[in-house]
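Chemist: Take a look at the following structure, please.
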Amino acid sequence: MTGAASSVHPPALASAARLRWKRRRGLLRFLSVRIAQAIPTLLLVVVVNFTLLNLAPGDLAQVLAGEAGGASPEYVAQLRESFGLNDPAWLRLLHYVQKVATLDLGYSFRNSMPVSELIVERIPATLLLTGSALLLAIGVGLVGGFLAAWRPGSWLDRTISSIALLVYATPGFLLGLALIIVFGVKLQWLPVGGMSSGEASEGVWSAFGGLLSHLVLPVLTLGLFFASIYVRITRAAMLEVRGHDYVRTARAKGVASLRIASRHVLRNALLPVVTVIGLQAGALLGGAVLVEVVFAWPGLGRLAFESVFQRDFNLLSGVVLCGAAAVLLVNILVDLLYSVLDPRIGARQ
């Protein structure tokens, strides 16, 4: 028996090792293809972004001259020459593409700093806001959709669906102002702006608590809108999946209803939710612009908002390019997550 067992197991182990190697090779090939596809997409974003920004009226020289209380035409011409604004558009575009290819996003004359340094300073605040909002949206959306689909047509289903519809129909800025009025002005439970109190004498834990208190209202404003979408999608996907044959088979075998809903129905219903998360990565960053402005949150969204009024096109182009790269990265991660949720997709990679 021992000899027979030893003669059977090595081929099985070798087959499993080959299968794992095949999946890893397919994953590497998939990543290579997606990264290769992302490069021309980023190039197109650079060209379109540069074209649209240069079609906008005004430039940095006019803004600086206006803030100085007026300037002579000679001074304005000198500013335009120093900023390279007198060069043809195609030449400026070529120079900008060459700089982006070397990860040089240009120089912000208004802030007297390289654009890349400004973006690196603001990225942690935006990641903290959008990441927390996304976690809140996914958690509330999955739990709410699961409970709504648990007993379709019940009072719980109608209550959750009504609340989700109400939040979805409320504009983001109006929801943010309502939260500020209720929790910041009336009850005075939470701060309404900034990222910290700014007190130098704060300890580590006090500063961490202050950061969390400043984070609550912006995260609720940004996350509840997307949570309302995920609630409706999760509910609809679970109601569709529960009618499949494998769910009826599990129910006929006597499997507990809660186990069926969590292990069989919810897992397969996650695929459309994951798809929507990837598609709405850009909308999440766009919503962060409004939230950061309303709550004075020092992130990339507020930086982009300020660069528009300052006519700092180098800075605005860098922020937009960074946002486009983040959206592409999120979509690649979503595609990878598909292979985890559905092994059949991973086998075809």
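By convention in this document, the chains of the structure tokens carry letters A, B, ... by their order, each chain's residues are numbered from 1, and ligands are numbered from 1 in the order they are shown.
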Running DSSP on the backbone, which parts of segment 83-266 of chain A land in helix (DSSP H, G or I), as number ranges by chain?

Modeler: A: 89-101, 115-150, 155-169, 172-186, 204-241, 245-252, 257-266

Chemist: What's around Pro218 of chain A at 8 Å? Count only C-alpha atoms, leave out sequence neighbours fewer than 4 positions away in its own chain, and write the answer as a list in words.

Modeler: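 The residues satisfying every condition are Leu129, Gly176, His214, Leu222, Val291, Glu292 and Phe295 of chain A.
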
Chemist: If I take atom CA of Leu166 of chain A and atom CA of Phe225 of chain A, how far is one from the other in Å, to one decimal?

Modeler: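 Taking atom CA of Leu166 of chain A and atom CA of Phe225 of chain A, their separation equals 9.6 Å.
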
Chemist: Report, in Å to a single decimal, how far apart atom CA of Ile35 of chain A and atom CA of Leu329 of chain A are.

Modeler: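 Between these atoms lies a distance of 9.0 Å.
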
Chemist: Give the answer as one residue: which of A:Ala36, A:Val115, A:Val273, A:Leu94 has the shortest atom-to-atom distance to Val320 of chain A, using only C-alpha atoms?

Modeler: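 Ranked by minimum distance to Val320 of chain A, first place goes to A:Val115.
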
Chemist: Would you compute the distance between atom CA of Ala237 of chain A and atom CA of Pro272 of chain A? Give it in Å to one decimal.

Modeler: 7.2 Å

Chemist: Leaving out Leu224 of chain A and any residue of its chain fewer than 3 positions from it, which residues lie within 10 Å of it when counting only C-alpha atoms, given as a PyMOL selection string?

Modeler: chain A and resi 133-134+136-138+140-141+164+167-168+172+175+219-221+227-230

Chemist: Dump N, CA, C and O atoms for the selected residues as a PDB file, in the first residue's frame?

Modeler:
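Heads up, here's the output in out.pdb:
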ATOM      1  N   ALA A 133     -13.667  56.288   2.363  1.00  0.00           N
ATOM      2  CA  ALA A 133     -15.006  56.387   1.780  1.00  0.00           C
ATOM      3  C   ALA A 133     -15.366  55.124   1.005  1.00  0.00           C
ATOM      4  O   ALA A 133     -16.510  54.654   1.055  1.00  0.00           O
ATOM      5  N   LEU A 134     -14.379  54.554   0.297  1.00  0.00           N
ATOM      6  CA  LEU A 134     -14.649  53.327  -0.465  1.00  0.00           C
ATOM      7  C   LEU A 134     -14.921  52.154   0.464  1.00  0.00           C
ATOM      8  O   LEU A 134     -15.826  51.342   0.209  1.00  0.00           O
ATOM      9  N   LEU A 136     -16.166  52.344   3.487  1.00  0.00           N
ATOM     10  CA  LEU A 136     -17.495  52.581   4.030  1.00  0.00           C
ATOM     11  C   LEU A 136     -18.571  52.221   3.016  1.00  0.00           C
ATOM     12  O   LEU A 136     -19.566  51.566   3.360  1.00  0.00           O
ATOM     13  N   ALA A 137     -18.383  52.626   1.761  1.00  0.00           N
ATOM     14  CA  ALA A 137     -19.384  52.357   0.729  1.00  0.00           C
ATOM     15  C   ALA A 137     -19.533  50.863   0.484  1.00  0.00           C
ATOM     16  O   ALA A 137     -20.660  50.355   0.361  1.00  0.00           O
ATOM     17  N   ILE A 138     -18.416  50.139   0.414  1.00  0.00           N
ATOM     18  CA  ILE A 138     -18.486  48.703   0.167  1.00  0.00           C
ATOM     19  C   ILE A 138     -19.129  47.982   1.349  1.00  0.00           C
ATOM     20  O   ILE A 138     -19.994  47.108   1.174  1.00  0.00           O
ATOM     21  N   VAL A 140     -21.175  49.185   3.826  1.00  0.00           N
ATOM     22  CA  VAL A 140     -22.600  49.508   3.951  1.00  0.00           C
ATOM     23  C   VAL A 140     -23.383  48.956   2.772  1.00  0.00           C
ATOM     24  O   VAL A 140     -24.497  48.440   2.927  1.00  0.00           O
ATOM     25  N   GLY A 141     -22.806  49.036   1.569  1.00  0.00           N
ATOM     26  CA  GLY A 141     -23.506  48.563   0.381  1.00  0.00           C
ATOM     27  C   GLY A 141     -23.740  47.064   0.397  1.00  0.00           C
ATOM     28  O   GLY A 141     -24.853  46.595   0.096  1.00  0.00           O
ATOM     29  N   ALA A 164     -31.686  54.133   0.562  1.00  0.00           N
ATOM     30  CA  ALA A 164     -30.678  54.157  -0.503  1.00  0.00           C
ATOM     31  C   ALA A 164     -31.104  55.085  -1.637  1.00  0.00           C
ATOM     32  O   ALA A 164     -30.287  55.842  -2.179  1.00  0.00           O
ATOM     33  N   VAL A 167     -30.700  58.802  -0.442  1.00  0.00           N
ATOM     34  CA  VAL A 167     -29.302  59.240  -0.424  1.00  0.00           C
ATOM     35  C   VAL A 167     -28.781  59.408  -1.847  1.00  0.00           C
ATOM     36  O   VAL A 167     -28.050  60.369  -2.155  1.00  0.00           O
ATOM     37  N   TYR A 168     -29.164  58.501  -2.736  1.00  0.00           N
ATOM     38  CA  TYR A 168     -28.701  58.583  -4.122  1.00  0.00           C
ATOM     39  C   TYR A 168     -29.221  59.847  -4.814  1.00  0.00           C
ATOM     40  O   TYR A 168     -28.537  60.447  -5.637  1.00  0.00           O
ATOM     41  N   GLY A 172     -24.333  65.665  -3.656  1.00  0.00           N
ATOM     42  CA  GLY A 172     -23.249  65.500  -2.691  1.00  0.00           C
ATOM     43  C   GLY A 172     -22.986  66.740  -1.859  1.00  0.00           C
ATOM     44  O   GLY A 172     -22.791  66.646  -0.637  1.00  0.00           O
ATOM     45  N   LEU A 175     -25.707  67.115   0.770  1.00  0.00           N
ATOM     46  CA  LEU A 175     -25.525  66.172   1.876  1.00  0.00           C
ATOM     47  C   LEU A 175     -24.404  66.639   2.790  1.00  0.00           C
ATOM     48  O   LEU A 175     -24.522  66.572   4.025  1.00  0.00           O
ATOM     49  N   VAL A 219     -15.851  61.649   4.917  1.00  0.00           N
ATOM     50  CA  VAL A 219     -16.035  60.256   4.503  1.00  0.00           C
ATOM     51  C   VAL A 219     -17.512  59.918   4.371  1.00  0.00           C
ATOM     52  O   VAL A 219     -17.930  59.237   3.424  1.00  0.00           O
ATOM     53  N   LEU A 220     -18.336  60.384   5.311  1.00  0.00           N
ATOM     54  CA  LEU A 220     -19.773  60.137   5.205  1.00  0.00           C
ATOM     55  C   LEU A 220     -20.348  60.794   3.949  1.00  0.00           C
ATOM     56  O   LEU A 220     -21.162  60.196   3.234  1.00  0.00           O
ATOM     57  N   THR A 221     -19.932  62.012   3.670  1.00  0.00           N
ATOM     58  CA  THR A 221     -20.443  62.719   2.497  1.00  0.00           C
ATOM     59  C   THR A 221     -20.082  61.998   1.209  1.00  0.00           C
ATOM     60  O   THR A 221     -20.919  61.847   0.306  1.00  0.00           O
ATOM     61  N   ALA A 227     -22.390  54.119  -1.416  1.00  0.00           N
ATOM     62  CA  ALA A 227     -23.015  53.018  -0.682  1.00  0.00           C
ATOM     63  C   ALA A 227     -24.439  52.793  -1.164  1.00  0.00           C
ATOM     64  O   ALA A 227     -24.899  51.649  -1.272  1.00  0.00           O
ATOM     65  N   SER A 228     -25.165  53.870  -1.456  1.00  0.00           N
ATOM     66  CA  SER A 228     -26.541  53.720  -1.947  1.00  0.00           C
ATOM     67  C   SER A 228     -26.567  52.994  -3.290  1.00  0.00           C
ATOM     68  O   SER A 228     -27.482  52.202  -3.555  1.00  0.00           O
ATOM     69  N   ILE A 229     -25.557  53.223  -4.129  1.00  0.00           N
ATOM     70  CA  ILE A 229     -25.486  52.513  -5.412  1.00  0.00           C
ATOM     71  C   ILE A 229     -25.190  51.033  -5.188  1.00  0.00           C
ATOM     72  O   ILE A 229     -25.820  50.151  -5.794  1.00  0.00           O
ATOM     73  N   TYR A 230     -24.240  50.737  -4.306  1.00  0.00           N
ATOM     74  CA  TYR A 230     -23.857  49.344  -4.068  1.00  0.00           C
ATOM     75  C   TYR A 230     -24.976  48.562  -3.397  1.00  0.00           C
ATOM     76  O   TYR A 230     -25.097  47.342  -3.605  1.00  0.00           O
TER      77      TYR A 230
END

Chemist: Hey, what's within 7 Å of Met238 of chain A if we count only C-alpha atoms and toss same-chain stuff fewer than 2 positions away? As a list in words, please?

Modeler: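 Counting only C-alpha atoms, the residues come to Ala149, Thr234, Arg235, Ala236, Glu240, Val241, Arg242, Val265, Leu266 and Ala269 of chain A.
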
Chemist: Quick one: pick out all strand (DSSP E) residues within segment 104-234 of chain A from a backbone DSSP run and write them as a list in words.

Modeler: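 For segment 104-234 of chain A, the strand (DSSP E) set is Tyr107, Ser108, Met113 and Pro114 of chain A.
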
Chemist: How would the residues just chosen look if you wrote them out with C-alpha atoms as a PDB file, in the first residue's frame?

Modeler:
ATOM      1  CA  TYR A 107       7.106  73.345 -12.480  1.00  0.00           C
ATOM      2  CA  SER A 108       4.363  75.233 -10.655  1.00  0.00           C
ATOM      3  CA  MET A 113       7.727  74.081  -6.484  1.00  0.00           C
ATOM      4  CA  PRO A 114       7.929  71.148  -8.890  1.00  0.00           C
TER       5      PRO A 114
END

Chemist: Which residue is closest to Thr275 of chain A? Choose from A:Asn331, A:Ile160, A:Ala325, A:Asn49 and count only C-alpha atoms.

Modeler: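 Distance minimum relative to Thr275 of chain A lands on A:Asn331.
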
Chemist: If you count only C-alpha atoms, which residues fall within 10 Å of Ile119 of chain A, apart from same-chain ones fewer than 3 positions away, as an NGL selection string?

Modeler: :A and (105 or 114-116 or 122-124 or 299-300 or 303-304 or 315 or 318-319 or 322)

Chemist: How would the residues just chosen look if you wrote them out with N, CA and C atoms as a short mmCIF file (atom, residue, chain, number, x, y, z; two decimals), in the first residue's frame?

Modeler:
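Ended up saving to out_14.cif:
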data_model
loop_
_atom_site.label_atom_id
_atom_site.label_comp_id
_atom_site.auth_asym_id
_atom_site.auth_seq_id
_atom_site.Cartn_x
_atom_site.Cartn_y
_atom_site.Cartn_z
N LEU A 105 6.75 66.30 -14.32
CA LEU A 105 5.45 66.91 -14.56
C LEU A 105 5.50 68.43 -14.67
N PRO A 114 8.24 72.11 -7.83
CA PRO A 114 7.93 71.15 -8.89
C PRO A 114 6.54 70.54 -8.67
N VAL A 115 5.84 70.27 -9.75
CA VAL A 115 4.48 69.72 -9.66
C VAL A 115 4.49 68.37 -8.96
N SER A 116 5.49 67.55 -9.25
CA SER A 116 5.55 66.22 -8.64
C SER A 116 5.64 66.30 -7.12
N ARG A 122 0.18 65.97 -1.38
CA ARG A 122 -1.27 65.90 -1.23
C ARG A 122 -1.84 64.49 -1.39
N ILE A 123 -1.06 63.57 -1.96
CA ILE A 123 -1.59 62.21 -2.21
C ILE A 123 -2.04 61.51 -0.94
N PRO A 124 -1.28 61.54 0.18
CA PRO A 124 -1.74 60.81 1.38
C PRO A 124 -3.11 61.25 1.86
N GLY A 299 -6.21 67.83 -0.05
CA GLY A 299 -5.88 66.72 -0.94
C GLY A 299 -5.70 67.18 -2.38
N LEU A 300 -5.63 66.20 -3.28
CA LEU A 300 -5.43 66.51 -4.69
C LEU A 300 -6.62 67.23 -5.30
N LEU A 303 -6.35 70.80 -4.48
CA LEU A 303 -5.21 71.33 -5.24
C LEU A 303 -5.61 71.60 -6.69
N ALA A 304 -6.37 70.68 -7.30
CA ALA A 304 -6.84 70.89 -8.67
C ALA A 304 -7.79 72.08 -8.74
N LEU A 315 0.29 72.45 -13.10
CA LEU A 315 -0.17 71.75 -11.92
C LEU A 315 -1.47 70.99 -12.19
N GLY A 318 -0.81 67.89 -14.21
CA GLY A 318 -0.21 66.83 -13.39
C GLY A 318 -1.23 66.13 -12.52
N VAL A 319 -2.15 66.89 -11.93
CA VAL A 319 -3.18 66.29 -11.08
C VAL A 319 -4.11 65.39 -11.91
N CYS A 322 -2.30 62.23 -12.82
CA CYS A 322 -2.22 61.35 -11.65
C CYS A 322 -3.55 60.64 -11.41
#

Chemist: Do a neighbour search on segment 44-47 of chain A at 10 Å with only C-alpha atoms, toss out local chain neighbours closer than 4 positions, and write the hits as a ChimeraX atom specification.

Modeler: /A:38-40,51-52,93-94,96-97,100,317-318,320-321,324-325

Chemist: Can you spit out the residues from that selection as a CSV table (one decimal), in the first residue's frame, using N, CA, C and O atoms?

Modeler:
chain,number,residue,atom,x,y,z
A,38,ALA,N,-2.4,50.3,-21.0
A,38,ALA,CA,-2.5,51.6,-20.2
A,38,ALA,C,-1.6,52.7,-20.7
A,38,ALA,O,-1.9,53.9,-20.6
A,39,ILE,N,-0.5,52.3,-21.3
A,39,ILE,CA,0.5,53.4,-21.8
A,39,ILE,C,-0.1,54.3,-22.9
A,39,ILE,O,-0.1,55.5,-22.7
A,40,PRO,N,-0.7,53.7,-24.0
A,40,PRO,CA,-1.3,54.7,-24.9
A,40,PRO,C,-2.5,55.4,-24.4
A,40,PRO,O,-2.8,56.5,-24.8
A,51,THR,N,-4.6,69.8,-24.7
A,51,THR,CA,-5.4,70.6,-25.7
A,51,THR,C,-6.5,71.3,-25.1
A,51,THR,O,-6.8,72.5,-25.4
A,52,LEU,N,-7.3,70.7,-24.2
A,52,LEU,CA,-8.4,71.4,-23.5
A,52,LEU,C,-8.0,72.5,-22.7
A,52,LEU,O,-8.6,73.6,-22.7
A,93,LEU,N,3.3,71.0,-26.5
A,93,LEU,CA,2.8,69.6,-26.3
A,93,LEU,C,4.0,68.6,-26.4
A,93,LEU,O,4.1,67.7,-25.6
A,94,LEU,N,4.8,68.8,-27.4
A,94,LEU,CA,5.9,67.8,-27.6
A,94,LEU,C,6.9,67.9,-26.4
A,94,LEU,O,7.3,66.8,-25.9
A,96,TYR,N,6.1,68.8,-23.4
A,96,TYR,CA,5.4,68.3,-22.2
A,96,TYR,C,5.3,66.7,-22.2
A,96,TYR,O,5.6,66.1,-21.2
A,97,VAL,N,5.1,66.1,-23.4
A,97,VAL,CA,5.1,64.7,-23.5
A,97,VAL,C,6.5,64.1,-23.2
A,97,VAL,O,6.6,63.1,-22.5
A,100,VAL,N,6.8,64.2,-19.4
A,100,VAL,CA,6.0,63.2,-18.7
A,100,VAL,C,6.6,61.8,-18.9
A,100,VAL,O,6.6,61.0,-17.9
A,317,SER,N,-2.6,69.9,-15.1
A,317,SER,CA,-2.3,68.7,-15.9
A,317,SER,C,-1.7,67.6,-15.1
A,317,SER,O,-2.0,66.4,-15.4
A,318,GLY,N,-0.8,67.9,-14.2
A,318,GLY,CA,-0.2,66.8,-13.4
A,318,GLY,C,-1.2,66.1,-12.5
A,318,GLY,O,-1.2,64.9,-12.4
A,320,VAL,N,-4.5,65.9,-13.1
A,320,VAL,CA,-5.4,65.1,-13.9
A,320,VAL,C,-4.7,63.8,-14.4
A,320,VAL,O,-5.3,62.7,-14.4
A,321,LEU,N,-3.4,63.9,-14.8
A,321,LEU,CA,-2.7,62.7,-15.2
A,321,LEU,C,-2.5,61.7,-14.0
A,321,LEU,O,-2.6,60.5,-14.2
A,324,ALA,N,-5.8,60.0,-13.7
A,324,ALA,CA,-6.0,59.0,-14.8
A,324,ALA,C,-5.2,57.7,-14.5
A,324,ALA,O,-5.7,56.6,-14.7
A,325,ALA,N,-4.0,57.9,-14.0
A,325,ALA,CA,-3.2,56.7,-13.7
A,325,ALA,C,-3.8,55.9,-12.5
A,325,ALA,O,-3.8,54.7,-12.6
